[in-house]
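Data block for my_file.cif (mmCIF, C-alpha atoms):
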```cif
data_final
#
loop_
_atom_site.label_atom_id
_atom_site.label_comp_id
_atom_site.auth_asym_id
_atom_site.auth_seq_id
_atom_site.Cartn_x
_atom_site.Cartn_y
_atom_site.Cartn_z
CA MET A 1 -11.01 -41.56 1.18
CA LEU A 2 -7.64 -39.85 1.55
CA ARG A 3 -7.41 -36.24 0.40
CA TYR A 4 -4.21 -34.26 -0.09
CA ILE A 5 -4.97 -30.54 0.08
CA TYR A 6 -2.73 -27.50 0.29
CA GLY A 7 -3.80 -24.72 2.64
CA HIS A 8 -4.59 -22.38 -0.24
CA ASP A 9 -7.08 -24.92 -1.58
CA LEU A 10 -8.90 -25.61 1.69
CA HIS A 11 -11.59 -23.08 0.80
CA ASN A 12 -12.70 -25.46 -1.94
CA HIS A 13 -13.59 -27.98 0.77
CA PRO A 14 -15.34 -25.80 3.37
CA GLU A 15 -17.12 -28.54 5.35
CA LEU A 16 -14.07 -30.78 5.40
CA ALA A 17 -11.86 -27.89 6.56
CA ARG A 18 -14.33 -26.76 9.23
CA SER A 19 -14.69 -30.25 10.66
CA MET A 20 -10.91 -30.74 10.63
CA PHE A 21 -10.22 -27.57 12.63
CA ARG A 22 -13.08 -28.43 15.01
CA ASP A 23 -11.77 -31.96 15.52
CA ARG A 24 -8.32 -30.53 16.17
CA ALA A 25 -9.79 -28.32 18.91
CA ASP A 26 -11.52 -31.38 20.33
CA GLN A 27 -8.36 -33.50 20.30
CA PHE A 28 -5.69 -31.02 21.31
CA ARG A 29 -7.57 -28.78 23.76
CA THR A 30 -10.45 -30.86 25.09
CA ARG A 31 -8.94 -34.32 25.15
CA LEU A 32 -5.19 -33.71 25.48
CA GLY A 33 -5.41 -30.41 27.36
CA TRP A 34 -2.77 -28.67 25.27
CA GLU A 35 -2.64 -24.89 25.43
CA VAL A 36 -3.71 -24.32 21.86
CA THR A 37 -5.61 -21.39 20.39
CA VAL A 38 -9.23 -22.03 19.53
CA ASP A 39 -11.11 -19.27 17.73
CA ASP A 40 -14.74 -18.23 18.25
CA GLN A 41 -15.87 -20.73 15.63
CA GLY A 42 -14.34 -23.52 17.68
CA HIS A 43 -11.46 -24.02 15.26
CA GLU A 44 -7.95 -24.84 16.47
CA ARG A 45 -5.41 -23.08 14.28
CA ASP A 46 -1.83 -22.07 14.86
CA GLN A 47 0.81 -19.99 13.08
CA TYR A 48 1.89 -22.94 10.92
CA ASP A 49 -1.57 -23.19 9.33
CA GLU A 50 -0.81 -19.74 7.91
CA LEU A 51 2.22 -21.09 6.02
CA ASP A 52 0.18 -22.93 3.38
CA PRO A 53 1.03 -26.46 4.50
CA LEU A 54 -0.01 -29.67 2.80
CA TYR A 55 -2.82 -31.39 4.71
CA VAL A 56 -3.52 -35.07 4.40
CA ILE A 57 -7.09 -35.71 5.44
CA TRP A 58 -9.19 -38.85 5.81
CA GLN A 59 -12.65 -37.88 4.57
CA ASN A 60 -15.58 -39.86 5.95
CA HIS A 61 -18.42 -41.06 3.72
CA ASP A 62 -20.57 -38.11 4.83
CA GLY A 63 -17.85 -35.69 3.68
CA SER A 64 -16.61 -34.81 7.14
CA HIS A 65 -13.14 -35.07 8.65
CA GLY A 66 -12.07 -38.42 10.10
CA GLY A 67 -8.40 -37.70 10.72
CA SER A 68 -5.59 -35.58 9.40
CA MET A 69 -2.01 -34.42 9.59
CA ARG A 70 -0.05 -31.45 8.31
CA PHE A 71 3.22 -31.27 6.38
CA LEU A 72 5.79 -28.52 5.86
CA PRO A 73 9.33 -28.89 4.51
CA THR A 74 12.06 -28.22 7.07
CA THR A 75 13.67 -25.72 4.68
CA GLY A 76 11.08 -23.22 5.91
CA ARG A 77 9.63 -22.39 9.32
CA VAL A 78 8.72 -25.52 11.25
CA MET A 79 7.76 -26.36 14.80
CA VAL A 80 10.61 -28.80 15.50
CA ASN A 81 13.12 -26.02 14.86
CA GLU A 82 11.25 -23.01 16.24
CA ILE A 83 9.66 -24.53 19.33
CA PHE A 84 11.44 -27.80 20.02
CA GLY A 85 14.89 -26.94 18.68
CA HIS A 86 16.49 -27.81 22.00
CA LEU A 87 15.35 -31.43 21.57
CA THR A 88 17.04 -32.06 18.23
CA GLY A 89 20.71 -31.60 19.01
CA GLY A 90 21.17 -27.85 19.10
CA ALA A 91 20.93 -26.82 15.44
CA PRO A 92 17.94 -26.86 13.14
CA VAL A 93 17.03 -29.96 11.16
CA VAL A 94 17.01 -28.58 7.62
CA SER A 95 16.60 -30.44 4.36
CA PRO A 96 14.13 -30.49 1.47
CA LEU A 97 14.23 -34.27 1.94
CA ILE A 98 12.99 -33.98 5.53
CA TRP A 99 9.42 -32.76 6.05
CA GLU A 100 7.77 -31.97 9.32
CA CYS A 101 4.54 -33.77 10.19
CA THR A 102 2.40 -32.12 12.88
CA ARG A 103 -1.18 -31.97 14.23
CA PHE A 104 -1.77 -35.67 13.73
CA CYS A 105 -5.43 -35.75 14.65
CA LEU A 106 -8.18 -38.36 14.79
CA SER A 107 -11.82 -37.40 15.14
CA ARG A 108 -13.71 -38.73 18.13
CA GLY A 109 -14.86 -42.23 17.27
CA ALA A 110 -12.67 -42.53 14.20
CA GLU A 111 -12.22 -46.13 13.13
CA SER A 112 -8.81 -47.54 13.94
CA LYS A 113 -8.08 -47.91 10.25
CA VAL A 114 -8.06 -44.11 9.80
CA ALA A 115 -4.74 -43.68 11.60
CA ALA A 116 -3.21 -46.42 9.50
CA ALA A 117 -4.60 -44.86 6.31
CA LEU A 118 -2.91 -41.56 7.22
CA MET A 119 0.37 -43.40 7.69
CA LEU A 120 -0.13 -44.98 4.30
CA ALA A 121 -0.51 -41.49 2.82
CA GLY A 122 2.78 -40.57 4.47
CA GLY A 123 4.33 -43.45 2.58
CA GLU A 124 2.90 -42.18 -0.71
CA ILE A 125 4.45 -38.77 -0.07
CA MET A 126 7.85 -40.28 0.66
CA THR A 127 7.76 -42.54 -2.37
CA ASN A 128 6.47 -40.00 -4.88
CA PHE A 129 8.11 -36.80 -3.67
CA GLY A 130 11.58 -38.11 -2.81
CA VAL A 131 11.15 -37.35 0.90
CA ARG A 132 13.47 -39.41 3.12
CA HIS A 133 12.25 -38.62 6.64
CA PHE A 134 9.35 -37.06 8.50
CA VAL A 135 10.10 -35.33 11.78
CA GLY A 136 7.55 -34.17 14.29
CA ALA A 137 6.78 -33.42 17.90
CA PHE A 138 4.28 -35.58 19.79
CA ASP A 139 3.29 -36.41 23.33
CA ALA A 140 3.25 -39.65 25.30
CA ARG A 141 -0.25 -40.65 24.23
CA MET A 142 0.58 -40.41 20.58
CA VAL A 143 3.43 -42.85 21.13
CA ARG A 144 0.84 -45.52 21.97
CA ILE A 145 -1.31 -44.66 18.98
CA TYR A 146 1.65 -44.83 16.62
CA ARG A 147 2.69 -48.17 18.09
CA ALA A 148 -0.83 -49.53 17.68
CA ILE A 149 -0.83 -48.79 13.97
CA GLY A 150 2.60 -50.32 13.52
CA SER A 151 4.49 -47.14 12.73
CA SER A 152 6.44 -46.10 15.79
CA PRO A 153 8.61 -43.02 15.48
CA GLU A 154 12.24 -43.03 16.42
CA ILE A 155 12.79 -40.58 19.29
CA LEU A 156 15.38 -37.83 18.67
CA GLY A 157 14.89 -36.09 21.99
CA SER A 158 12.35 -35.73 24.82
CA GLU A 159 11.46 -33.53 27.75
CA GLY A 160 8.94 -33.73 30.59
CA GLU A 161 7.55 -36.76 32.36
CA GLY A 162 4.55 -39.03 32.17
CA ARG A 163 1.61 -37.94 30.07
CA SER A 164 3.04 -34.51 29.36
CA ARG A 165 6.30 -35.93 28.04
CA ILE A 166 6.97 -34.29 24.67
CA SER A 167 9.25 -35.90 22.13
CA VAL A 168 10.64 -35.04 18.76
CA GLY A 169 10.89 -38.08 16.55
CA LEU A 170 11.14 -39.27 13.03
CA TRP A 171 9.38 -41.74 10.83
CA GLU A 172 10.67 -43.73 8.01
CA PHE A 173 8.71 -45.97 5.71
CA THR A 174 10.31 -49.20 4.74
CA PRO A 175 8.50 -51.40 2.22
CA GLU A 176 7.74 -53.84 5.06
CA ALA A 177 6.23 -51.09 7.20
CA ARG A 178 4.18 -50.03 4.21
CA THR A 179 2.69 -53.46 3.70
CA ARG A 180 1.91 -53.70 7.42
CA VAL A 181 0.29 -50.26 7.52
CA ALA A 182 -1.68 -50.91 4.32
CA ALA A 183 -3.08 -54.11 5.83
CA ARG A 184 -4.15 -52.27 8.99
CA ALA A 185 -5.71 -49.49 6.96
CA GLY A 186 -7.68 -51.99 4.88
CA VAL A 187 -6.70 -50.00 1.81
CA SER A 188 -5.04 -51.67 -1.15
CA PRO A 189 -1.88 -50.07 -2.57
CA GLU A 190 -3.79 -49.53 -5.84
CA LEU A 191 -6.56 -47.59 -4.13
CA SER A 192 -4.05 -45.54 -2.18
CA ARG A 193 -2.28 -44.72 -5.44
CA LEU A 194 -5.59 -43.75 -7.05
CA TRP A 195 -6.33 -41.26 -4.25
CA PHE A 196 -2.84 -39.83 -4.53
CA ASP A 197 -3.19 -39.44 -8.31
CA ARG A 198 -6.57 -37.79 -7.85
CA ALA A 199 -4.86 -35.06 -5.83
CA PHE A 200 -1.65 -34.64 -7.79
CA GLY A 201 -2.52 -35.87 -11.27
CA ALA A 202 -1.88 -39.26 -12.79
CA VAL A 203 1.36 -40.15 -14.46
CA ALA A 204 -0.20 -40.31 -17.94
CA PRO A 205 1.90 -39.03 -20.85
CA PRO A 206 0.98 -35.53 -22.05
CA GLU A 207 0.60 -36.89 -25.58
CA MET A 208 -2.38 -38.91 -24.44
CA ALA A 209 -3.96 -35.89 -22.85
CA LEU A 210 -3.40 -33.93 -26.03
CA THR A 211 -5.14 -36.43 -28.27
CA ALA A 212 -8.13 -36.71 -25.96
CA MET B 1 26.57 -39.40 -15.51
CA GLY B 2 29.58 -38.80 -13.32
CA LYS B 3 28.96 -38.11 -9.66
CA LEU B 4 32.47 -36.74 -9.24
CA ASN B 5 31.76 -34.26 -11.93
CA LEU B 6 28.60 -33.17 -10.10
CA ASP B 7 30.52 -32.56 -6.91
CA GLN B 8 32.94 -30.33 -8.77
CA ILE B 9 30.02 -28.37 -10.23
CA LEU B 10 28.54 -27.90 -6.77
CA LYS B 11 31.91 -26.66 -5.52
CA ASP B 12 31.95 -24.21 -8.42
CA LEU B 13 28.43 -23.16 -7.49
CA ASP B 14 29.58 -22.51 -3.94
CA ALA B 15 32.48 -20.44 -5.22
CA THR B 16 30.36 -18.36 -7.60
CA SER B 17 30.54 -14.73 -6.61
CA ALA B 18 28.23 -13.10 -9.15
CA LEU B 19 24.74 -13.79 -10.45
CA GLU B 20 26.07 -14.14 -14.01
CA GLY B 21 28.12 -17.16 -12.89
CA LEU B 22 24.94 -19.19 -12.40
CA GLN B 23 24.45 -19.50 -16.14
CA ASP B 24 27.72 -21.43 -16.53
CA ILE B 25 26.77 -23.64 -13.60
CA ILE B 26 23.39 -24.57 -15.00
CA VAL B 27 24.91 -25.41 -18.40
CA ALA B 28 27.43 -27.66 -16.64
CA LEU B 29 24.63 -29.30 -14.65
CA ARG B 30 22.60 -29.90 -17.79
CA ASP B 31 25.61 -31.58 -19.40
CA ALA B 32 26.38 -33.65 -16.31
CA PHE B 33 22.82 -34.98 -16.11
CA ASN B 34 22.81 -35.44 -19.87
CA VAL B 35 19.36 -33.95 -20.36
CA ASP B 36 18.21 -31.51 -23.05
CA HIS B 37 17.56 -28.59 -20.69
CA MET B 38 17.79 -27.20 -17.23
CA VAL B 39 16.32 -23.89 -16.14
CA TYR B 40 16.05 -21.91 -12.96
CA HIS B 41 13.48 -19.17 -12.52
CA TRP B 42 12.78 -17.00 -9.52
CA VAL B 43 10.01 -14.55 -8.72
CA ASP B 44 10.07 -12.63 -5.45
CA SER B 45 7.22 -11.08 -3.52
CA SER B 46 7.68 -7.71 -5.21
CA GLY B 47 7.37 -9.36 -8.63
CA ASP B 48 11.04 -9.11 -9.54
CA GLN B 49 12.20 -11.95 -11.75
CA TYR B 50 15.45 -13.62 -12.54
CA GLY B 51 16.15 -16.64 -14.69
CA CYS B 52 18.93 -18.61 -16.24
CA GLY B 53 19.07 -21.83 -18.17
CA THR B 54 19.56 -23.55 -21.45
CA TYR B 55 16.33 -22.82 -23.32
CA SER B 56 16.96 -21.05 -26.62
CA PRO B 57 16.64 -17.23 -26.58
CA GLU B 58 13.90 -17.60 -29.25
CA TRP B 59 11.78 -19.73 -26.92
CA VAL B 60 12.32 -17.41 -23.96
CA GLU B 61 11.37 -14.44 -26.12
CA LEU B 62 8.22 -16.11 -27.43
CA TYR B 63 7.26 -17.32 -23.96
CA THR B 64 7.68 -13.84 -22.54
CA ALA B 65 5.99 -12.05 -25.44
CA ARG B 66 2.92 -14.26 -25.21
CA ASN B 67 2.89 -14.05 -21.43
CA TYR B 68 2.72 -17.84 -21.09
CA LEU B 69 3.66 -17.52 -17.42
CA ARG B 70 -0.04 -16.95 -16.74
CA VAL B 71 -1.29 -20.14 -18.41
CA ASP B 72 1.70 -22.50 -18.33
CA PRO B 73 0.53 -25.69 -16.51
CA VAL B 74 4.04 -26.07 -15.07
CA ILE B 75 3.82 -22.68 -13.35
CA GLN B 76 0.19 -23.23 -12.34
CA GLY B 77 1.00 -26.68 -10.98
CA CYS B 78 4.06 -25.60 -9.02
CA TYR B 79 3.25 -22.17 -7.68
CA GLN B 80 2.42 -22.26 -3.95
CA ARG B 81 3.45 -25.93 -3.78
CA PHE B 82 6.54 -27.54 -2.35
CA HIS B 83 6.42 -31.01 -3.88
CA PRO B 84 8.36 -31.90 -7.05
CA VAL B 85 6.18 -32.19 -10.13
CA ASP B 86 6.55 -34.54 -13.08
CA TRP B 87 5.04 -32.73 -16.06
CA LYS B 88 3.00 -35.82 -16.85
CA ARG B 89 0.96 -35.21 -13.72
CA LEU B 90 -0.12 -31.76 -14.91
CA ASP B 91 -3.33 -30.92 -16.70
CA TRP B 92 -2.46 -30.17 -20.32
CA SER B 93 -6.05 -30.40 -21.57
CA SER B 94 -6.88 -26.69 -21.89
CA LYS B 95 -6.37 -24.96 -25.22
CA PRO B 96 -3.61 -22.57 -24.06
CA ALA B 97 -1.80 -25.45 -22.35
CA TRP B 98 -2.02 -27.54 -25.50
CA GLU B 99 -0.61 -24.62 -27.49
CA ILE B 100 2.32 -24.20 -25.09
CA PHE B 101 3.12 -27.90 -25.18
CA ALA B 102 3.00 -28.08 -28.99
CA LEU B 103 5.23 -25.03 -29.33
CA ALA B 104 7.59 -26.23 -26.62
CA MET B 105 8.05 -29.44 -28.60
CA GLU B 106 8.78 -27.37 -31.69
CA TYR B 107 11.40 -25.36 -29.82
CA GLY B 108 13.08 -28.50 -28.51
CA ILE B 109 12.14 -28.15 -24.83
CA GLY B 110 11.31 -31.85 -24.66
CA ASN B 111 8.23 -33.91 -24.01
CA GLN B 112 9.31 -34.76 -20.46
CA GLY B 113 9.94 -32.49 -17.53
CA TYR B 114 10.51 -32.52 -13.79
CA SER B 115 10.07 -29.26 -11.89
CA ILE B 116 11.00 -28.52 -8.32
CA PRO B 117 9.23 -25.60 -6.65
CA ILE B 118 11.10 -23.82 -3.90
CA ARG B 119 9.59 -21.62 -1.25
CA GLY B 120 12.23 -19.13 -0.27
CA PRO B 121 12.11 -16.52 2.48
CA ASN B 122 9.62 -13.62 2.41
CA GLY B 123 7.39 -14.97 -0.32
CA GLN B 124 10.19 -15.72 -2.74
CA PHE B 125 9.28 -18.48 -5.18
CA ALA B 126 11.65 -20.33 -7.46
CA LEU B 127 11.38 -23.18 -9.91
CA PHE B 128 14.15 -25.51 -11.01
CA THR B 129 13.39 -27.71 -14.01
CA ALA B 130 15.00 -30.50 -15.98
CA SER B 131 13.41 -31.31 -19.35
CA HIS B 132 14.20 -33.89 -21.97
CA ASN B 133 12.95 -35.66 -25.06
CA CYS B 134 12.57 -39.37 -24.40
CA ASP B 135 9.98 -42.07 -23.82
CA ASP B 136 8.11 -42.47 -20.55
CA ASP B 137 10.09 -45.44 -19.31
CA ALA B 138 13.42 -43.70 -19.81
CA TRP B 139 12.13 -40.61 -18.01
CA ALA B 140 10.71 -42.63 -15.14
CA GLU B 141 14.09 -44.31 -14.79
CA PHE B 142 15.84 -40.94 -14.80
CA THR B 143 13.60 -39.30 -12.19
CA GLU B 144 13.65 -42.41 -10.01
CA ALA B 145 17.45 -42.36 -10.03
CA TYR B 146 18.06 -38.64 -9.62
CA ASN B 147 14.98 -37.02 -8.06
CA ARG B 148 16.66 -36.46 -4.69
CA ASP B 149 19.85 -35.12 -6.27
CA LEU B 150 17.77 -32.72 -8.35
CA ILE B 151 15.78 -31.57 -5.32
CA LEU B 152 18.97 -30.86 -3.37
CA ILE B 153 20.62 -29.11 -6.32
CA ALA B 154 17.51 -26.97 -6.87
CA HIS B 155 17.72 -25.75 -3.29
CA TYR B 156 21.50 -25.19 -3.43
CA PHE B 157 20.98 -23.18 -6.59
CA ASN B 158 18.29 -21.06 -5.01
CA ARG B 159 20.31 -20.59 -1.83
CA LYS B 160 23.15 -19.24 -3.95
CA ALA B 161 20.88 -16.99 -6.01
CA LEU B 162 19.47 -15.51 -2.80
CA GLU B 163 22.96 -14.51 -1.71
CA PHE B 164 23.07 -12.06 -4.60
CA GLU B 165 19.90 -10.27 -3.66
CA PRO B 166 20.83 -6.88 -2.25
CA GLY B 167 20.12 -6.41 1.41
CA ARG B 168 19.08 -10.00 1.95
CA GLN B 169 20.46 -11.97 4.82
CA SER B 170 20.68 -15.71 4.73
CA GLU B 171 17.82 -16.99 6.85
CA GLN B 172 18.84 -20.59 6.93
CA SER B 173 21.31 -21.60 9.51
CA ARG B 174 24.16 -23.50 7.94
CA ALA B 175 25.90 -24.13 11.23
CA LEU B 176 26.29 -27.77 12.18
CA SER B 177 24.87 -28.86 15.50
CA PRO B 178 27.23 -30.51 18.03
CA ARG B 179 25.60 -33.87 17.21
CA GLU B 180 26.09 -33.31 13.50
CA VAL B 181 29.73 -32.39 14.10
CA ASP B 182 30.20 -35.59 16.17
CA ALA B 183 28.60 -37.72 13.48
CA MET B 184 30.60 -36.19 10.62
CA THR B 185 33.84 -36.42 12.61
CA LEU B 186 33.42 -40.12 13.31
CA ILE B 187 32.52 -40.80 9.68
CA ALA B 188 35.62 -38.87 8.61
CA MET B 189 37.65 -41.09 10.93
CA GLY B 190 36.44 -44.10 8.98
CA TYR B 191 33.84 -45.44 11.42
CA SER B 192 30.98 -47.39 9.87
CA ARG B 193 27.48 -46.02 10.35
CA ALA B 194 26.73 -48.75 12.85
CA GLN B 195 29.85 -47.79 14.83
CA VAL B 196 29.01 -44.10 14.69
CA ALA B 197 25.47 -44.74 15.89
CA GLU B 198 26.75 -46.90 18.72
CA SER B 199 29.42 -44.38 19.73
CA LEU B 200 26.82 -41.60 19.91
CA SER B 201 24.20 -43.85 21.55
CA ILE B 202 21.68 -43.12 18.82
CA SER B 203 19.87 -45.32 16.35
CA GLN B 204 21.03 -45.57 12.77
CA ASN B 205 17.83 -43.82 11.66
CA THR B 206 18.56 -40.89 13.92
CA LEU B 207 22.09 -40.81 12.56
CA ARG B 208 20.66 -40.69 9.06
CA VAL B 209 18.71 -37.53 9.93
CA TYR B 210 21.81 -35.85 11.33
CA ILE B 211 23.73 -36.76 8.20
CA GLU B 212 20.88 -35.67 5.91
CA SER B 213 20.63 -32.31 7.61
CA ALA B 214 24.41 -31.81 7.68
CA ARG B 215 24.64 -32.73 4.01
CA PHE B 216 22.11 -30.04 3.11
CA LYS B 217 23.84 -27.40 5.19
CA LEU B 218 27.14 -28.30 3.53
CA GLY B 219 25.68 -28.21 0.02
CA ALA B 220 26.70 -31.77 -0.85
CA LEU B 221 24.87 -34.62 -2.55
CA ASN B 222 26.34 -37.53 -0.64
CA THR B 223 28.02 -38.24 2.66
CA THR B 224 31.53 -38.57 1.27
CA HIS B 225 31.38 -35.11 -0.24
CA ALA B 226 29.73 -33.68 2.84
CA VAL B 227 32.59 -34.98 4.99
CA ALA B 228 35.16 -33.59 2.57
CA ARG B 229 33.53 -30.18 2.73
CA ALA B 230 33.23 -30.17 6.49
CA LEU B 231 36.96 -30.98 6.64
CA SER B 232 38.01 -28.37 4.10
CA ARG B 233 35.97 -25.69 5.86
CA GLY B 234 37.45 -26.60 9.20
CA LEU B 235 34.05 -27.49 10.63
CA ILE B 236 35.38 -30.81 11.78
CA VAL B 237 38.91 -31.79 12.75
CA VAL B 238 40.20 -35.34 12.53
#
```
Would you put the structure from the file into structure tokens?
Amino acid sequence: MLRYIYGHDLHNHPELARSMFRDRADQFRTRLGWEVTVDDQGHERDQYDELDPLYVIWQNHDGSHGGSMRFLPTTGRVMVNEIFGHLTGGAPVVSPLIWECTRFCLSRGAESKVAAALMLAGGEIMTNFGVRHFVGAFDARMVRIYRAIGSSPEILGSEGEGRSRISVGLWEFTPEARTRVAARAGVSPELSRLWFDRAFGAVAPPEMALTA
Amino acid sequence: MGKLNLDQILKDLDATSALEGLQDIIVALRDAFNVDHMVYHWVDSSGDQYGCGTYSPEWVELYTARNYLRVDPVIQGCYQRFHPVDWKRLDWSSKPAWEIFALAMEYGIGNQGYSIPIRGPNGQFALFTASHNCDDDAWAEFTEAYNRDLILIAHYFNRKALEFEPGRQSEQSRALSPREVDAMTLIAMGYSRAQVAESLSISQNTLRVYIESARFKLGALNTTHAVARALSRGLIVV
């Protein structure tokens, strides 16, 4: 199932959090060879994990991490402005309607539907929170993964060549893209909505809650 | 609701030179959106508070005296978050929450609310809220139509309030990037979005991000007003 968890609530899901940070180490250091920091517990964390981001996590049936991504609004500190600012046109991208999506991660052996399910969650965030765009930095390999799940980012700027080519791009979710991604995820819109409501509360009138 | 009117209010907000001026602005915003109440509340990392809004002094006094800040589901549900919150999504089932809701109804706060949490610099936290008395369908229609405007306004309001904090420097860059200047200039010259995108050799989606970002830096709600502001501030020349 899809979980939406703020950083300050991760301690309520210790096994899920541990396996997410371990899978991030496995993906970004071991498989992609990025120069990321891995602590003595084998967890990959960076300075943006300290900023209380919103994580979207696919939780496997056994409770462990299957895939995840991390969101921060561009009104605060974000990677695209602090690290890749030179790729976005020379001034920071700043808007409460533009969120940064980073550390898109899939666990080793994750089913292909997991990536699509994460994209579906991105669509829920846009629809329910008024967000218009997601921006993020990614490398050449991720471009193929995004294409495979039918949600290719639009490139704003790139540097480097071949496998180490890094790009800053943006995603947008049209209703058509949403239907396509939902089909690939094998998750009905109703189920996706249920998971979202489980995290953020259902839109039930307070009066009903009061009479319960 | 008149959009023109809103743009004038945002210009007035920009021109406000004292903290006290924010009260007039929030009253004008409440009237423009035609809702029962709007409030803005800020707490910084040292615990200092500031608020303005249209709640009655009696309600504010009661709320403060009973220290509802500690148990209010709106505060609990927004603090440390950055997503907008419809009050319906909050958990009102506890006894203190039920008490607050019942009293809030009595004091005319409204049965509906939409709160936008804002994470400012250095641990500053602010909340901007619109509340109203209406049925669920009417409220859903309202938030669907104006959620993005409210989110932008909440941040403009907070950005202004931060200016009045002694010794604080604006952390957000409001300078337009060369690409943003190009995009706004071509739009000001009457080019269509498709023409602007083609002239700059970028996709229309990319153009939308430049415009979105420029709009926020300029403190405007739509592209027309953003262009007008860029022109009047001499940021672009046509």
Item to check | chain B contacts to chain A at 7 Å (only C-alpha atoms) as a VMD selection string | outcome: chain B and resid 83 to 84 88 to 90 92 to 93 98 147 to 148 152 176 to 179 206 212 to 213 216
Next on the checklist: Selection in question (the file shown): the PyMOL selection byres ((chain A and resi 21) around 8). Which residues does it include, as an MDAnalysis selection string?
Outcome noted: chainID A and resid 17:20 22:25 42:45
With C-alpha atoms retained, export the selected residues as a compact mmCIF listing (two decimals), keeping the file's coordinate frame.
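Wrote part_26.txt, looks like this:
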```txt
# COMPACT_ATOMS: atom_id res chain seq x y z
CA ALA A 17 -11.86 -27.89 6.56
CA ARG A 18 -14.33 -26.76 9.23
CA SER A 19 -14.69 -30.25 10.66
CA MET A 20 -10.91 -30.74 10.63
CA ARG A 22 -13.08 -28.43 15.01
CA ASP A 23 -11.77 -31.96 15.52
CA ARG A 24 -8.32 -30.53 16.17
CA ALA A 25 -9.79 -28.32 18.91
CA GLY A 42 -14.34 -23.52 17.68
CA HIS A 43 -11.46 -24.02 15.26
CA GLU A 44 -7.95 -24.84 16.47
CA ARG A 45 -5.41 -23.08 14.28
```
Item to check | Answer key for the PyMOL selection byres ((chain B and resi 133) around 10), residues as a PyMOL selection string | outcome: chain B and resi 35-37+105+108-113+131-132+134-136+138-139
Item to check | Long-range neighbours of Val181 of chain B as a list in words, 10 Å cut-off, only C-alpha atoms, 2 positions minimum in chain | outcome: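 The neighbour list is Ala175, Leu176, Ser177, Pro178, Arg179, Ala183, Met184, Thr185, Leu186, Ile187, Tyr210, Ile211, Ala214, Val227, Ala230, Leu235, Ile236 and Val237 of chain B.
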Next on the checklist: For the PyMOL selection byres ((chain A and resi 158) around 10), applied here, can you spell out every residue it catches as a ChimeraX atom specification?
Outcome noted: /A:84,86-88,137-140,155-157,159-161,165-169
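Distances here use only C-alpha atoms; by that measure, the residue among B:Asp7, B:Glu61, B:Val74, B:Ser45 closest to Thr224 of chain B is B:Asp7.
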Draw an axis-aligned box tight on the listed atoms of segment 151-157 of chain B, then pad every side by 5 Å and write out centre and edge lengths in Å to one decimal as JSON.
```
{"center_x": 18.6, "center_y": -27.4, "center_z": -5.1, "size_x": 15.7, "size_y": 18.4, "size_z": 13.6}
```
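Computed from the coordinates, the atom CA of Leu218 of chain B to atom CA of Ala140 of chain B distance equals 28.7 Å.
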Next on the checklist: I'd like the interatomic distance between atom CA of Ile145 of chain A and atom CA of Met69 of chain A, to a tenth of an Å.
Outcome noted: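 Going from atom CA of Ile145 of chain A over to atom CA of Met69 of chain A covers 13.9 Å.
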Generate the missing atoms of segment 115-125 of chain B up to N, CA and C atoms and report them as a PDB file, in the frame of the given file.
```pdb
ATOM      1  N   SER B 115       9.886 -30.605 -12.451  1.00  0.00           N
ATOM      2  CA  SER B 115      10.070 -29.260 -11.890  1.00  0.00           C
ATOM      3  C   SER B 115      10.018 -29.298 -10.373  1.00  0.00           C
ATOM      4  N   ILE B 116      10.928 -28.563  -9.770  1.00  0.00           N
ATOM      5  CA  ILE B 116      11.000 -28.520  -8.320  1.00  0.00           C
ATOM      6  C   ILE B 116      10.701 -27.113  -7.835  1.00  0.00           C
ATOM      7  N   PRO B 117       9.541 -26.924  -7.199  1.00  0.00           N
ATOM      8  CA  PRO B 117       9.230 -25.600  -6.650  1.00  0.00           C
ATOM      9  C   PRO B 117       9.966 -25.384  -5.341  1.00  0.00           C
ATOM     10  N   ILE B 118      10.379 -24.158  -5.122  1.00  0.00           N
ATOM     11  CA  ILE B 118      11.100 -23.820  -3.900  1.00  0.00           C
ATOM     12  C   ILE B 118      10.452 -22.610  -3.262  1.00  0.00           C
ATOM     13  N   ARG B 119      10.105 -22.754  -2.003  1.00  0.00           N
ATOM     14  CA  ARG B 119       9.590 -21.620  -1.250  1.00  0.00           C
ATOM     15  C   ARG B 119      10.753 -20.997  -0.500  1.00  0.00           C
ATOM     16  N   GLY B 120      11.146 -19.820  -0.952  1.00  0.00           N
ATOM     17  CA  GLY B 120      12.230 -19.130  -0.270  1.00  0.00           C
ATOM     18  C   GLY B 120      11.676 -18.238   0.817  1.00  0.00           C
ATOM     19  N   PRO B 121      12.555 -17.432   1.426  1.00  0.00           N
ATOM     20  CA  PRO B 121      12.110 -16.520   2.480  1.00  0.00           C
ATOM     21  C   PRO B 121      11.274 -15.369   1.923  1.00  0.00           C
ATOM     22  N   ASN B 122      10.406 -14.826   2.736  1.00  0.00           N
ATOM     23  CA  ASN B 122       9.620 -13.620   2.410  1.00  0.00           C
ATOM     24  C   ASN B 122       8.855 -13.727   1.099  1.00  0.00           C
ATOM     25  N   GLY B 123       8.236 -14.848   0.864  1.00  0.00           N
ATOM     26  CA  GLY B 123       7.390 -14.970  -0.320  1.00  0.00           C
ATOM     27  C   GLY B 123       8.136 -15.201  -1.614  1.00  0.00           C
ATOM     28  N   GLN B 124       9.451 -15.415  -1.523  1.00  0.00           N
ATOM     29  CA  GLN B 124      10.190 -15.720  -2.740  1.00  0.00           C
ATOM     30  C   GLN B 124       9.775 -17.087  -3.251  1.00  0.00           C
ATOM     31  N   PHE B 125       9.650 -17.204  -4.571  1.00  0.00           N
ATOM     32  CA  PHE B 125       9.280 -18.480  -5.180  1.00  0.00           C
ATOM     33  C   PHE B 125      10.234 -18.758  -6.323  1.00  0.00           C
TER      34      PHE B 125
END
```
